[in-house]
Amino acid sequence: MPKPKTPLLTVDCVAFDSRGRVLLIRRANPPFAGQYALPGGFVDIGETVETACRRELEEETGVKARELTLVGTYSDPTRDPRGHTVSIAFATVLSRARPKAGTDAARAGWVANWQREKLAFDHATILRDAYRTLRRKRKIPASK
């Protein structure tokens, strides 16, 4: 029996600091080259989504995450112009981190006014959902 054709599995990581800033990258490659995005990428065969989230965060920003909070699943077939992907999104709060761009990131850094930024893919929705999730759990302060 042939394997079914299915969407590709990805992860996205929303990292906040204690001041409510968000760690964003500037994409180095299409699609959305030059735009802000969440760190993330494809899950490798044999890898859990949690491991993939931590790996992608570290590869793209040089930052390590410990605790991850599940934010949700994002499966709109049009969310990625390259084809149908399904993303499992996680959030984390980092106490101290100095990001530096790596792999697919032209730049990486903390963004204070993230609500005003235009983000690639459906990352604005993921970011808002992550913010609400962590606020409900009292893990981050209210934004200004």
# chains A, B, ... in the order shown; residues from 1 in each chain; ligands from 1
>>> residues_around(residues="Thr92 of chain A", least_positions_apart="6", cutoff="8 Å", atoms="only C-alpha atoms", output="PyMOL selection string")
chain A and resi 13-16+65-69
>>> select_by_dssp(residues="segment 22-60 of chain A", states="strand (DSSP E or B)", output="list in words")
Val22, Leu23, Leu24, Ile25, Arg26, Arg27, Tyr36, Ala37, Gly40, Gly41 and Phe42 of chain A
>>> residues_around(residues="Glu47 of chain A", least_positions_apart="5", cutoff="12 Å", atoms="only C-alpha atoms", output="list in words")
Leu9, Thr10, Val11, Phe42, Ala52, Cys53, Arg54, Arg55 and Glu56 of chain A
>>> select_by_dssp(residues="chain A", states="alpha helix (DSSP H)", output="list of chain:residue names")
A:Val49, A:Glu50, A:Thr51, A:Ala52, A:Cys53, A:Arg54, A:Arg55, A:Glu56, A:Leu57, A:Glu58, A:Glu59, A:Glu60, A:Thr61, A:His123, A:Ala124, A:Thr125, A:Ile126, A:Leu127, A:Arg128, A:Asp129, A:Ala130, A:Tyr131, A:Arg132, A:Thr133, A:Leu134, A:Arg135, A:Arg136
>>> residues_around(residues="Arg128 of chain A", least_positions_apart="6", cutoff="10 Å", atoms="only C-alpha atoms", output="number ranges by chain")
A: 14, 71, 114-115
>>> closest_residue(among="A:Ala120, A:Phe90, A:Arg96, A:Ser18", to="Gln35 of chain A", atoms="only C-alpha atoms")
A:Ala120
>>> closest_residue(among="A:Leu134, A:Leu38, A:Ala108, A:Ala142", to="Ser87 of chain A", atoms="only C-alpha atoms")
A:Leu38
